file entry_31.cif (mmCIF, N, CA, C and O atoms and all ligand atoms)
data_data
loop_
_atom_site.label_atom_id
_atom_site.label_comp_id
_atom_site.auth_asym_id
_atom_site.auth_seq_id
_atom_site.Cartn_x
_atom_site.Cartn_y
_atom_site.Cartn_z
N TYR A 18 35.81 10.33 18.30
CA TYR A 18 34.48 10.87 18.15
C TYR A 18 34.41 11.76 16.92
O TYR A 18 35.29 12.56 16.66
N SER A 19 33.32 11.60 16.16
CA SER A 19 33.06 12.49 15.03
C SER A 19 31.54 12.62 14.86
O SER A 19 30.77 11.83 15.43
N ALA A 20 31.14 13.58 14.11
CA ALA A 20 29.70 13.76 13.85
C ALA A 20 29.15 12.52 13.15
O ALA A 20 28.03 12.08 13.43
N SER A 21 29.94 11.95 12.26
CA SER A 21 29.52 10.77 11.52
C SER A 21 29.29 9.58 12.46
O SER A 21 28.27 8.87 12.35
N SER A 22 30.24 9.34 13.40
CA SER A 22 30.10 8.22 14.32
C SER A 22 28.90 8.42 15.24
O SER A 22 28.20 7.47 15.58
N CYS A 23 28.65 9.64 15.64
CA CYS A 23 27.49 9.95 16.48
C CYS A 23 26.19 9.69 15.72
O CYS A 23 25.25 9.10 16.25
N TYR A 24 26.17 10.10 14.45
CA TYR A 24 24.98 9.89 13.62
C TYR A 24 24.71 8.40 13.47
O TYR A 24 23.58 7.93 13.62
N LEU A 25 25.75 7.62 13.18
CA LEU A 25 25.59 6.18 13.01
C LEU A 25 25.18 5.50 14.32
O LEU A 25 24.44 4.52 14.32
N ALA A 26 25.66 6.02 15.45
CA ALA A 26 25.32 5.43 16.75
C ALA A 26 23.84 5.56 17.06
O ALA A 26 23.27 4.73 17.77
N THR A 27 23.19 6.60 16.51
CA THR A 27 21.76 6.77 16.77
C THR A 27 20.94 5.63 16.15
O THR A 27 19.82 5.39 16.57
N PHE A 28 21.49 4.95 15.13
CA PHE A 28 20.77 3.86 14.47
C PHE A 28 21.18 2.49 14.98
O PHE A 28 20.68 1.48 14.50
N GLN A 29 22.09 2.45 15.95
CA GLN A 29 22.56 1.16 16.46
C GLN A 29 21.40 0.41 17.12
O GLN A 29 20.67 0.95 17.95
N GLY A 30 21.20 -0.83 16.73
CA GLY A 30 20.13 -1.64 17.27
C GLY A 30 18.83 -1.51 16.51
O GLY A 30 17.89 -2.26 16.74
N SER A 31 18.73 -0.54 15.60
CA SER A 31 17.49 -0.41 14.83
C SER A 31 17.55 -1.33 13.62
O SER A 31 18.61 -1.79 13.20
N MET A 32 16.36 -1.61 13.10
CA MET A 32 16.29 -2.50 11.94
C MET A 32 16.26 -1.67 10.66
O MET A 32 15.63 -0.62 10.61
N THR A 33 16.93 -2.17 9.65
CA THR A 33 16.91 -1.50 8.35
C THR A 33 15.76 -2.04 7.53
O THR A 33 15.55 -3.23 7.45
N CYS A 34 15.00 -1.13 6.96
CA CYS A 34 13.85 -1.53 6.15
C CYS A 34 14.08 -1.04 4.72
O CYS A 34 14.33 0.14 4.50
N PHE A 35 14.00 -1.95 3.78
CA PHE A 35 14.23 -1.59 2.38
C PHE A 35 12.94 -1.50 1.59
O PHE A 35 12.96 -1.57 0.38
N SER A 36 11.79 -1.34 2.28
CA SER A 36 10.53 -1.27 1.55
C SER A 36 10.49 -0.03 0.65
O SER A 36 9.82 -0.04 -0.38
N TRP A 37 11.21 1.03 1.02
CA TRP A 37 11.23 2.22 0.18
C TRP A 37 11.79 1.89 -1.20
O TRP A 37 11.36 2.44 -2.21
N LYS A 38 12.73 0.97 -1.23
CA LYS A 38 13.34 0.60 -2.51
C LYS A 38 12.32 -0.11 -3.39
O LYS A 38 12.25 0.12 -4.59
N LEU A 39 11.50 -0.98 -2.79
CA LEU A 39 10.46 -1.70 -3.53
C LEU A 39 9.46 -0.71 -4.11
O LEU A 39 8.96 -0.89 -5.21
N ILE A 40 9.18 0.35 -3.36
CA ILE A 40 8.19 1.33 -3.80
C ILE A 40 8.76 2.29 -4.84
O ILE A 40 8.16 2.52 -5.88
N TRP A 41 9.91 2.85 -4.54
CA TRP A 41 10.40 3.97 -5.36
C TRP A 41 11.40 3.59 -6.44
O TRP A 41 11.55 4.32 -7.41
N LYS A 42 12.11 2.49 -6.28
CA LYS A 42 13.13 2.10 -7.26
C LYS A 42 12.61 0.98 -8.14
O LYS A 42 13.00 -0.18 -8.02
N ASN A 43 11.67 1.29 -8.99
CA ASN A 43 11.16 0.31 -9.96
C ASN A 43 10.72 1.06 -11.21
O ASN A 43 10.82 2.28 -11.29
N TRP A 44 10.22 0.33 -12.19
CA TRP A 44 9.87 0.90 -13.49
C TRP A 44 8.45 1.43 -13.55
O TRP A 44 8.02 1.94 -14.59
N ALA A 45 7.68 1.34 -12.47
CA ALA A 45 6.28 1.75 -12.48
C ALA A 45 6.16 3.26 -12.69
O ALA A 45 7.05 4.02 -12.30
N PRO A 46 5.05 3.70 -13.29
CA PRO A 46 4.82 5.14 -13.45
C PRO A 46 4.75 5.82 -12.07
O PRO A 46 4.35 5.19 -11.09
N PRO A 47 5.09 7.11 -12.02
CA PRO A 47 5.09 7.82 -10.73
C PRO A 47 3.78 7.73 -9.98
O PRO A 47 3.77 7.61 -8.76
N ARG A 48 2.65 7.78 -10.67
CA ARG A 48 1.36 7.74 -9.96
C ARG A 48 1.15 6.39 -9.28
O ARG A 48 0.52 6.31 -8.23
N VAL A 49 1.68 5.30 -9.89
CA VAL A 49 1.58 3.98 -9.27
C VAL A 49 2.49 3.91 -8.05
O VAL A 49 2.10 3.38 -7.00
N LYS A 50 3.68 4.48 -8.16
CA LYS A 50 4.60 4.52 -7.01
C LYS A 50 3.97 5.29 -5.86
O LYS A 50 4.05 4.89 -4.71
N PHE A 51 3.35 6.41 -6.19
CA PHE A 51 2.73 7.24 -5.15
C PHE A 51 1.58 6.49 -4.49
O PHE A 51 1.43 6.52 -3.26
N PHE A 52 0.75 5.81 -5.29
CA PHE A 52 -0.35 5.02 -4.72
C PHE A 52 0.21 3.92 -3.82
O PHE A 52 -0.32 3.69 -2.73
N HIS A 53 1.25 3.25 -4.27
CA HIS A 53 1.87 2.18 -3.48
C HIS A 53 2.37 2.75 -2.15
O HIS A 53 2.20 2.14 -1.09
N TRP A 54 2.98 3.91 -2.20
CA TRP A 54 3.47 4.56 -0.98
C TRP A 54 2.30 4.91 -0.04
O TRP A 54 2.36 4.62 1.17
N LEU A 55 1.23 5.49 -0.61
CA LEU A 55 0.06 5.80 0.22
C LEU A 55 -0.54 4.54 0.83
O LEU A 55 -0.89 4.51 2.02
N ALA A 56 -0.66 3.48 0.04
CA ALA A 56 -1.23 2.23 0.54
C ALA A 56 -0.35 1.63 1.63
O ALA A 56 -0.86 1.12 2.63
N SER A 57 0.96 1.70 1.47
CA SER A 57 1.86 1.14 2.48
C SER A 57 1.79 1.91 3.79
O SER A 57 2.07 1.37 4.86
N GLN A 58 1.41 3.18 3.71
CA GLN A 58 1.28 4.01 4.91
C GLN A 58 -0.16 4.00 5.45
O GLN A 58 -0.44 4.69 6.42
N ASP A 59 -1.06 3.25 4.79
CA ASP A 59 -2.49 3.22 5.12
C ASP A 59 -3.07 4.63 5.10
O ASP A 59 -3.77 5.05 6.02
N ARG A 60 -2.77 5.36 4.03
CA ARG A 60 -3.21 6.74 3.89
C ARG A 60 -4.23 6.95 2.78
O ARG A 60 -4.54 8.10 2.46
N CYS A 61 -4.71 5.87 2.18
CA CYS A 61 -5.73 6.00 1.13
C CYS A 61 -7.09 6.21 1.79
O CYS A 61 -7.34 5.71 2.89
N TRP A 62 -7.96 6.93 1.11
CA TRP A 62 -9.26 7.25 1.69
C TRP A 62 -10.24 6.11 1.51
O TRP A 62 -11.23 6.22 0.80
N THR A 63 -9.99 5.02 2.18
CA THR A 63 -10.92 3.89 2.20
C THR A 63 -11.99 4.16 3.26
O THR A 63 -11.85 5.07 4.09
N ALA A 64 -13.03 3.32 3.26
CA ALA A 64 -14.16 3.55 4.17
C ALA A 64 -13.72 3.51 5.63
O ALA A 64 -14.21 4.30 6.45
N ASP A 65 -12.81 2.61 5.97
CA ASP A 65 -12.39 2.53 7.38
C ASP A 65 -11.67 3.81 7.81
O ASP A 65 -11.84 4.28 8.93
N ARG A 66 -10.90 4.41 6.92
CA ARG A 66 -10.22 5.66 7.27
C ARG A 66 -11.21 6.81 7.36
O ARG A 66 -11.10 7.66 8.26
N LEU A 67 -12.17 6.83 6.42
CA LEU A 67 -13.21 7.87 6.48
C LEU A 67 -13.99 7.76 7.79
O LEU A 67 -14.30 8.77 8.42
N ALA A 68 -14.28 6.50 8.21
CA ALA A 68 -15.03 6.29 9.46
C ALA A 68 -14.23 6.79 10.66
O ALA A 68 -14.78 7.40 11.58
N ARG A 69 -12.92 6.53 10.66
CA ARG A 69 -12.06 6.99 11.77
C ARG A 69 -12.08 8.51 11.89
O ARG A 69 -11.91 9.06 12.97
N ARG A 70 -12.27 9.19 10.75
CA ARG A 70 -12.29 10.65 10.75
C ARG A 70 -13.71 11.20 10.93
O ARG A 70 -13.90 12.42 10.88
N GLY A 71 -14.68 10.29 11.08
CA GLY A 71 -16.06 10.74 11.25
C GLY A 71 -16.68 11.25 9.96
O GLY A 71 -17.62 12.05 10.00
N LEU A 72 -16.16 10.83 8.81
CA LEU A 72 -16.68 11.28 7.52
C LEU A 72 -17.63 10.23 6.94
O LEU A 72 -17.59 9.05 7.31
N GLN A 73 -18.47 10.69 6.03
CA GLN A 73 -19.44 9.81 5.40
C GLN A 73 -18.72 8.73 4.60
O GLN A 73 -17.74 9.01 3.89
N HIS A 74 -19.21 7.49 4.73
CA HIS A 74 -18.58 6.38 4.02
C HIS A 74 -19.59 5.27 3.78
O HIS A 74 -20.63 5.22 4.44
N GLN A 75 -19.25 4.38 2.84
CA GLN A 75 -20.10 3.23 2.58
C GLN A 75 -19.73 2.14 3.57
O GLN A 75 -18.55 1.93 3.85
N PRO A 76 -20.74 1.41 4.09
CA PRO A 76 -20.43 0.39 5.10
C PRO A 76 -19.71 -0.82 4.53
O PRO A 76 -18.99 -1.52 5.25
N ARG A 77 -19.89 -1.09 3.24
CA ARG A 77 -19.27 -2.29 2.64
C ARG A 77 -18.54 -1.92 1.36
O ARG A 77 -18.78 -0.88 0.75
N CYS A 78 -17.68 -2.83 0.95
CA CYS A 78 -16.90 -2.66 -0.27
C CYS A 78 -17.85 -2.44 -1.46
O CYS A 78 -18.76 -3.25 -1.68
N PRO A 79 -17.67 -1.37 -2.24
CA PRO A 79 -18.57 -1.12 -3.37
C PRO A 79 -18.39 -2.13 -4.51
O PRO A 79 -19.25 -2.23 -5.38
N LEU A 80 -17.30 -2.87 -4.51
CA LEU A 80 -17.07 -3.85 -5.59
C LEU A 80 -17.78 -5.17 -5.32
O LEU A 80 -18.40 -5.74 -6.20
N CYS A 81 -17.68 -5.68 -4.10
CA CYS A 81 -18.23 -7.01 -3.82
C CYS A 81 -19.39 -6.97 -2.82
O CYS A 81 -20.13 -7.94 -2.71
N ASP A 82 -19.54 -5.91 -2.07
CA ASP A 82 -20.60 -5.77 -1.06
C ASP A 82 -20.58 -6.92 -0.05
O ASP A 82 -21.62 -7.38 0.40
N GLN A 83 -19.39 -7.40 0.28
CA GLN A 83 -19.28 -8.54 1.20
C GLN A 83 -18.53 -8.23 2.48
O GLN A 83 -18.64 -8.96 3.46
N ALA A 84 -17.72 -7.18 2.49
CA ALA A 84 -16.86 -6.91 3.63
C ALA A 84 -16.64 -5.41 3.75
O ALA A 84 -16.85 -4.68 2.78
N PRO A 85 -16.22 -4.95 4.92
CA PRO A 85 -15.88 -3.54 5.05
C PRO A 85 -14.72 -3.18 4.12
O PRO A 85 -13.83 -3.99 3.89
N GLU A 86 -14.78 -1.96 3.60
CA GLU A 86 -13.74 -1.52 2.67
C GLU A 86 -12.50 -1.06 3.44
O GLU A 86 -12.51 -0.01 4.08
N THR A 87 -11.48 -1.86 3.39
CA THR A 87 -10.18 -1.50 3.96
C THR A 87 -9.14 -1.61 2.85
O THR A 87 -9.40 -2.20 1.80
N MET A 88 -7.97 -1.09 3.11
CA MET A 88 -6.90 -1.18 2.10
C MET A 88 -6.54 -2.64 1.85
O MET A 88 -6.36 -3.05 0.71
N ARG A 89 -6.45 -3.40 2.93
CA ARG A 89 -6.13 -4.82 2.79
C ARG A 89 -7.19 -5.56 1.98
O ARG A 89 -6.88 -6.35 1.11
N HIS A 90 -8.47 -5.24 2.26
CA HIS A 90 -9.54 -5.89 1.51
C HIS A 90 -9.45 -5.52 0.03
O HIS A 90 -9.53 -6.40 -0.83
N LEU A 91 -9.28 -4.22 -0.27
CA LEU A 91 -9.26 -3.79 -1.67
C LEU A 91 -8.10 -4.38 -2.46
O LEU A 91 -8.24 -4.71 -3.63
N LEU A 92 -6.95 -4.52 -1.82
CA LEU A 92 -5.78 -4.99 -2.55
C LEU A 92 -5.59 -6.50 -2.54
O LEU A 92 -5.01 -7.06 -3.46
N LEU A 93 -6.07 -7.17 -1.48
CA LEU A 93 -5.75 -8.59 -1.34
C LEU A 93 -6.96 -9.51 -1.21
O LEU A 93 -6.97 -10.62 -1.73
N GLU A 94 -7.97 -9.09 -0.47
CA GLU A 94 -9.03 -10.01 -0.08
C GLU A 94 -10.28 -9.94 -0.95
O GLU A 94 -11.01 -10.93 -1.03
N CYS A 95 -10.55 -8.83 -1.57
CA CYS A 95 -11.76 -8.66 -2.38
C CYS A 95 -11.73 -9.66 -3.56
O CYS A 95 -10.70 -9.82 -4.21
N PRO A 96 -12.86 -10.33 -3.83
CA PRO A 96 -12.88 -11.25 -4.98
C PRO A 96 -12.48 -10.58 -6.29
O PRO A 96 -11.83 -11.20 -7.13
N PHE A 97 -12.83 -9.32 -6.47
CA PHE A 97 -12.44 -8.61 -7.69
C PHE A 97 -10.94 -8.38 -7.73
O PHE A 97 -10.31 -8.50 -8.79
N ALA A 98 -10.35 -8.05 -6.58
CA ALA A 98 -8.89 -7.89 -6.53
C ALA A 98 -8.20 -9.21 -6.80
O ALA A 98 -7.21 -9.26 -7.56
N ARG A 99 -8.72 -10.28 -6.22
CA ARG A 99 -8.11 -11.60 -6.46
C ARG A 99 -8.17 -11.97 -7.93
O ARG A 99 -7.21 -12.49 -8.48
N GLN A 100 -9.32 -11.69 -8.57
CA GLN A 100 -9.44 -11.99 -9.98
C GLN A 100 -8.45 -11.15 -10.79
O GLN A 100 -7.81 -11.66 -11.72
N THR A 101 -8.31 -9.89 -10.42
CA THR A 101 -7.37 -9.01 -11.12
C THR A 101 -5.94 -9.52 -10.96
O THR A 101 -5.20 -9.59 -11.94
N TRP A 102 -5.56 -9.87 -9.73
CA TRP A 102 -4.20 -10.39 -9.52
C TRP A 102 -3.99 -11.69 -10.28
O TRP A 102 -2.92 -11.91 -10.85
N HIS A 103 -5.03 -12.53 -10.32
CA HIS A 103 -4.93 -13.79 -11.07
C HIS A 103 -4.70 -13.50 -12.55
O HIS A 103 -3.83 -14.13 -13.18
N GLU A 104 -5.44 -12.56 -13.11
CA GLU A 104 -5.27 -12.22 -14.53
C GLU A 104 -3.87 -11.67 -14.79
O GLU A 104 -3.23 -12.02 -15.78
N ILE A 105 -3.41 -10.80 -13.92
CA ILE A 105 -2.08 -10.20 -14.10
C ILE A 105 -1.00 -11.28 -14.02
O ILE A 105 -0.10 -11.34 -14.87
N LEU A 106 -1.10 -12.14 -13.00
CA LEU A 106 -0.06 -13.16 -12.84
C LEU A 106 -0.09 -14.19 -13.96
O LEU A 106 0.95 -14.64 -14.42
N SER A 107 -1.29 -14.54 -14.46
CA SER A 107 -1.36 -15.49 -15.57
C SER A 107 -0.82 -14.85 -16.85
O SER A 107 -0.26 -15.53 -17.71
N TRP A 108 -0.95 -13.53 -16.96
CA TRP A 108 -0.42 -12.80 -18.12
C TRP A 108 1.12 -12.77 -18.07
O TRP A 108 1.78 -12.85 -19.09
N LEU A 109 1.65 -12.69 -16.85
CA LEU A 109 3.11 -12.62 -16.71
C LEU A 109 3.80 -13.98 -16.93
O LEU A 109 4.96 -14.02 -17.31
N TRP A 110 3.10 -15.07 -16.66
CA TRP A 110 3.73 -16.39 -16.79
C TRP A 110 3.77 -16.86 -18.20
O TRP A 110 3.05 -16.84 -19.01
ZN ZN B 1 -14.64 -6.22 -2.02
#
call {"tool": "encode", "arguments": {"input": "entry_31.cif", "output": "structure tokens"}}
result
Amino acid sequence: YSASSCYLATFQGSMTCFSWKLIWKNWAPPRVKFFHWLASQDRCWTADRLARRGLQHQPRCPLCDQAPETMRHLLLECPFARQTWHEILSWLW
């Protein structure tokens, strides 16, 4: 028995997640890393989060006016986001 073995035993059966490495160990500027971290924690002040807190919010995405503003919508589903990702990926290829 040692303190080290006891510490390691507390994680037995748990899953290791390396998403922190994707967020923090890259070449992106710190503000982008911080935004990525906030988005991964669903901590950005999108309309759905404002609504959960009872704060004033817009009912629909201000970019496309087609769907409720959520983090998933803003980053993946919004037509403007899709166009942006398309431009970025075509620029990288
Ligand atoms: Zn949208």
call {"tool": "residues_near_ligand", "arguments": {"input": "entry_31.cif", "ligand": "ligand ZN 1 (chain B)", "cutoff": "5 Å", "atoms": "all atoms listed in the file", "output": "MDAnalysis selection string"}}
result
chainID A and resid 78 80:82 95:96
call {"tool": "residues_around", "arguments": {"input": "entry_31.cif", "residues": "Ile40 (chain A)", "least_positions_apart": "5", "cutoff": "8 Å", "atoms": "all atoms listed in the file", "output": "ChimeraX atom specification"}}
result
/A:35,45-47,49-51,53-54
call {"tool": "atom_distance", "arguments": {"input": "entry_31.cif", "atom1": "CA of Ser107 (chain A)", "atom2": "CA of Cys61 (chain A)"}}
result
27.6 Å
call {"tool": "select_by_dssp", "arguments": {"input": "entry_31.cif", "residues": "chain A", "states": "helix (DSSP H, G or I)", "output": "tab-separated table (two decimals) with N, CA, C and O atoms, keeping the file's coordinate frame"}}
result
chain	number	residue	atom	x	y	z
A	20	ALA	N	31.14	13.58	14.11
A	20	ALA	CA	29.70	13.76	13.85
A	20	ALA	C	29.15	12.52	13.15
A	20	ALA	O	28.03	12.08	13.43
A	21	SER	N	29.94	11.95	12.26
A	21	SER	CA	29.52	10.77	11.52
A	21	SER	C	29.29	9.58	12.46
A	21	SER	O	28.27	8.87	12.35
A	22	SER	N	30.24	9.34	13.40
A	22	SER	CA	30.10	8.22	14.32
A	22	SER	C	28.90	8.42	15.24
A	22	SER	O	28.20	7.47	15.58
A	23	CYS	N	28.65	9.64	15.64
A	23	CYS	CA	27.49	9.95	16.48
A	23	CYS	C	26.19	9.69	15.72
A	23	CYS	O	25.25	9.10	16.25
A	24	TYR	N	26.17	10.10	14.45
A	24	TYR	CA	24.98	9.89	13.62
A	24	TYR	C	24.71	8.40	13.47
A	24	TYR	O	23.58	7.93	13.62
A	25	LEU	N	25.75	7.62	13.18
A	25	LEU	CA	25.59	6.18	13.01
A	25	LEU	C	25.18	5.50	14.32
A	25	LEU	O	24.44	4.52	14.32
A	26	ALA	N	25.66	6.02	15.45
A	26	ALA	CA	25.32	5.43	16.75
A	26	ALA	C	23.84	5.56	17.06
A	26	ALA	O	23.27	4.73	17.77
A	36	SER	N	11.79	-1.34	2.28
A	36	SER	CA	10.53	-1.27	1.55
A	36	SER	C	10.49	-0.03	0.65
A	36	SER	O	9.82	-0.04	-0.38
A	37	TRP	N	11.21	1.03	1.02
A	37	TRP	CA	11.23	2.22	0.18
A	37	TRP	C	11.79	1.89	-1.20
A	37	TRP	O	11.36	2.44	-2.21
A	38	LYS	N	12.73	0.97	-1.23
A	38	LYS	CA	13.34	0.60	-2.51
A	38	LYS	C	12.32	-0.11	-3.39
A	38	LYS	O	12.25	0.12	-4.59
A	39	LEU	N	11.50	-0.98	-2.79
A	39	LEU	CA	10.46	-1.70	-3.53
A	39	LEU	C	9.46	-0.71	-4.11
A	39	LEU	O	8.96	-0.89	-5.21
A	40	ILE	N	9.18	0.35	-3.36
A	40	ILE	CA	8.19	1.33	-3.80
A	40	ILE	C	8.76	2.29	-4.84
A	40	ILE	O	8.16	2.52	-5.88
A	41	TRP	N	9.91	2.85	-4.54
A	41	TRP	CA	10.40	3.97	-5.36
A	41	TRP	C	11.40	3.59	-6.44
A	41	TRP	O	11.55	4.32	-7.41
A	47	PRO	N	5.09	7.11	-12.02
A	47	PRO	CA	5.09	7.82	-10.73
A	47	PRO	C	3.78	7.73	-9.98
A	47	PRO	O	3.77	7.61	-8.76
A	48	ARG	N	2.65	7.78	-10.67
A	48	ARG	CA	1.36	7.74	-9.96
A	48	ARG	C	1.15	6.39	-9.28
A	48	ARG	O	0.52	6.31	-8.23
A	49	VAL	N	1.68	5.30	-9.89
A	49	VAL	CA	1.58	3.98	-9.27
A	49	VAL	C	2.49	3.91	-8.05
A	49	VAL	O	2.10	3.38	-7.00
A	50	LYS	N	3.68	4.48	-8.16
A	50	LYS	CA	4.60	4.52	-7.01
A	50	LYS	C	3.97	5.29	-5.86
A	50	LYS	O	4.05	4.89	-4.71
A	51	PHE	N	3.35	6.41	-6.19
A	51	PHE	CA	2.73	7.24	-5.15
A	51	PHE	C	1.58	6.49	-4.49
A	51	PHE	O	1.43	6.52	-3.26
A	52	PHE	N	0.75	5.81	-5.29
A	52	PHE	CA	-0.35	5.02	-4.72
A	52	PHE	C	0.21	3.92	-3.82
A	52	PHE	O	-0.32	3.69	-2.73
A	53	HIS	N	1.25	3.25	-4.27
A	53	HIS	CA	1.87	2.18	-3.48
A	53	HIS	C	2.37	2.75	-2.15
A	53	HIS	O	2.20	2.14	-1.09
A	54	TRP	N	2.98	3.91	-2.20
A	54	TRP	CA	3.47	4.56	-0.98
A	54	TRP	C	2.30	4.91	-0.04
A	54	TRP	O	2.36	4.62	1.17
A	55	LEU	N	1.23	5.49	-0.61
A	55	LEU	CA	0.06	5.80	0.22
A	55	LEU	C	-0.54	4.54	0.83
A	55	LEU	O	-0.89	4.51	2.02
A	56	ALA	N	-0.66	3.48	0.04
A	56	ALA	CA	-1.23	2.23	0.54
A	56	ALA	C	-0.35	1.63	1.63
A	56	ALA	O	-0.86	1.12	2.63
A	57	SER	N	0.96	1.70	1.47
A	57	SER	CA	1.86	1.14	2.48
A	57	SER	C	1.79	1.91	3.79
A	57	SER	O	2.07	1.37	4.86
A	64	ALA	N	-13.03	3.32	3.26
A	64	ALA	CA	-14.16	3.55	4.17
A	64	ALA	C	-13.72	3.51	5.63
A	64	ALA	O	-14.21	4.30	6.45
A	65	ASP	N	-12.81	2.61	5.97
A	65	ASP	CA	-12.39	2.53	7.38
A	65	ASP	C	-11.67	3.81	7.81
A	65	ASP	O	-11.84	4.28	8.93
A	66	ARG	N	-10.90	4.41	6.92
A	66	ARG	CA	-10.22	5.66	7.27
A	66	ARG	C	-11.21	6.81	7.36
A	66	ARG	O	-11.10	7.66	8.26
A	67	LEU	N	-12.17	6.83	6.42
A	67	LEU	CA	-13.21	7.87	6.48
A	67	LEU	C	-13.99	7.76	7.79
A	67	LEU	O	-14.30	8.77	8.42
A	68	ALA	N	-14.28	6.50	8.21
A	68	ALA	CA	-15.03	6.29	9.46
A	68	ALA	C	-14.23	6.79	10.66
A	68	ALA	O	-14.78	7.40	11.58
A	69	ARG	N	-12.92	6.53	10.66
A	69	ARG	CA	-12.06	6.99	11.77
A	69	ARG	C	-12.08	8.51	11.89
A	69	ARG	O	-11.91	9.06	12.97
A	88	MET	N	-7.97	-1.09	3.11
A	88	MET	CA	-6.90	-1.18	2.10
A	88	MET	C	-6.54	-2.64	1.85
A	88	MET	O	-6.36	-3.05	0.71
A	89	ARG	N	-6.45	-3.40	2.93
A	89	ARG	CA	-6.13	-4.82	2.79
A	89	ARG	C	-7.19	-5.56	1.98
A	89	ARG	O	-6.88	-6.35	1.11
A	90	HIS	N	-8.47	-5.24	2.26
A	90	HIS	CA	-9.54	-5.89	1.51
A	90	HIS	C	-9.45	-5.52	0.03
A	90	HIS	O	-9.53	-6.40	-0.83
A	91	LEU	N	-9.28	-4.22	-0.27
A	91	LEU	CA	-9.26	-3.79	-1.67
A	91	LEU	C	-8.10	-4.38	-2.46
A	91	LEU	O	-8.24	-4.71	-3.63
A	92	LEU	N	-6.95	-4.52	-1.82
A	92	LEU	CA	-5.78	-4.99	-2.55
A	92	LEU	C	-5.59	-6.50	-2.54
A	92	LEU	O	-5.01	-7.06	-3.46
A	93	LEU	N	-6.07	-7.17	-1.48
A	93	LEU	CA	-5.75	-8.59	-1.34
A	93	LEU	C	-6.96	-9.51	-1.21
A	93	LEU	O	-6.97	-10.62	-1.73
A	94	GLU	N	-7.97	-9.09	-0.47
A	94	GLU	CA	-9.03	-10.01	-0.08
A	94	GLU	C	-10.28	-9.94	-0.95
A	94	GLU	O	-11.01	-10.93	-1.03
A	96	PRO	N	-12.86	-10.33	-3.83
A	96	PRO	CA	-12.88	-11.25	-4.98
A	96	PRO	C	-12.48	-10.58	-6.29
A	96	PRO	O	-11.83	-11.20	-7.13
A	97	PHE	N	-12.83	-9.32	-6.47
A	97	PHE	CA	-12.44	-8.61	-7.69
A	97	PHE	C	-10.94	-8.38	-7.73
A	97	PHE	O	-10.31	-8.50	-8.79
A	98	ALA	N	-10.35	-8.05	-6.58
A	98	ALA	CA	-8.89	-7.89	-6.53
A	98	ALA	C	-8.20	-9.21	-6.80
A	98	ALA	O	-7.21	-9.26	-7.56
A	99	ARG	N	-8.72	-10.28	-6.22
A	99	ARG	CA	-8.11	-11.60	-6.46
A	99	ARG	C	-8.17	-11.97	-7.93
A	99	ARG	O	-7.21	-12.49	-8.48
A	100	GLN	N	-9.32	-11.69	-8.57
A	100	GLN	CA	-9.44	-11.99	-9.98
A	100	GLN	C	-8.45	-11.15	-10.79
A	100	GLN	O	-7.81	-11.66	-11.72
A	101	THR	N	-8.31	-9.89	-10.42
A	101	THR	CA	-7.37	-9.01	-11.12
A	101	THR	C	-5.94	-9.52	-10.96
A	101	THR	O	-5.20	-9.59	-11.94
A	102	TRP	N	-5.56	-9.87	-9.73
A	102	TRP	CA	-4.20	-10.39	-9.52
A	102	TRP	C	-3.99	-11.69	-10.28
A	102	TRP	O	-2.92	-11.91	-10.85
A	103	HIS	N	-5.03	-12.53	-10.32
A	103	HIS	CA	-4.93	-13.79	-11.07
A	103	HIS	C	-4.70	-13.50	-12.55
A	103	HIS	O	-3.83	-14.13	-13.18
A	104	GLU	N	-5.44	-12.56	-13.11
A	104	GLU	CA	-5.27	-12.22	-14.53
A	104	GLU	C	-3.87	-11.67	-14.79
A	104	GLU	O	-3.23	-12.02	-15.78
A	105	ILE	N	-3.41	-10.80	-13.92
A	105	ILE	CA	-2.08	-10.20	-14.10
A	105	ILE	C	-1.00	-11.28	-14.02
A	105	ILE	O	-0.10	-11.34	-14.87
A	106	LEU	N	-1.10	-12.14	-13.00
A	106	LEU	CA	-0.06	-13.16	-12.84
A	106	LEU	C	-0.09	-14.19	-13.96
A	106	LEU	O	0.95	-14.64	-14.42
A	107	SER	N	-1.29	-14.54	-14.46
A	107	SER	CA	-1.36	-15.49	-15.57
A	107	SER	C	-0.82	-14.85	-16.85
A	107	SER	O	-0.26	-15.53	-17.71
A	108	TRP	N	-0.95	-13.53	-16.96
A	108	TRP	CA	-0.42	-12.80	-18.12
A	108	TRP	C	1.12	-12.77	-18.07
A	108	TRP	O	1.78	-12.85	-19.09
A	109	LEU	N	1.65	-12.69	-16.85
A	109	LEU	CA	3.11	-12.62	-16.71
A	109	LEU	C	3.80	-13.98	-16.93
A	109	LEU	O	4.96	-14.02	-17.31
call {"tool": "atom_distance", "arguments": {"input": "entry_31.cif", "atom1": "atom N of Arg69 (chain A)", "atom2": "atom N of Phe52 (chain A)"}}
result
21.0 Å
call {"tool": "closest_residue", "arguments": {"input": "entry_31.cif", "among": "A:Cys23, A:Ala64, A:Met32, A:Leu55", "to": "Thr87 (chain A)", "atoms": "only N, CA, C and O atoms"}}
result
A:Ala64
call {"tool": "axis_aligned_box", "arguments": {"input": "entry_31.cif", "around": "region 40-52 of chain A", "padding_each_side": "4 Å", "output": "JSON"}}
result
{"center_x": 6.4, "center_y": 3.8, "center_z": -8.7, "size_x": 21.5, "size_y": 16.0, "size_z": 19.9}
call {"tool": "residues_around", "arguments": {"input": "entry_31.cif", "residues": "Trp37 (chain A)", "least_positions_apart": "4", "cutoff": "10 Å", "atoms": "only C-alpha atoms", "output": "ChimeraX atom specification"}}
result
/A:41-42,54,57
call {"tool": "atom_distance", "arguments": {"input": "entry_31.cif", "atom1": "CA of Leu39 (chain A)", "atom2": "CA of Arg60 (chain A)"}}
result
17.7 Å
call {"tool": "closest_residue", "arguments": {"input": "entry_31.cif", "among": "A:Ser22, A:Arg70, A:Glu104, A:Asp65", "to": "Pro85 (chain A)", "atoms": "only N, CA, C and O atoms"}}
result
A:Asp65
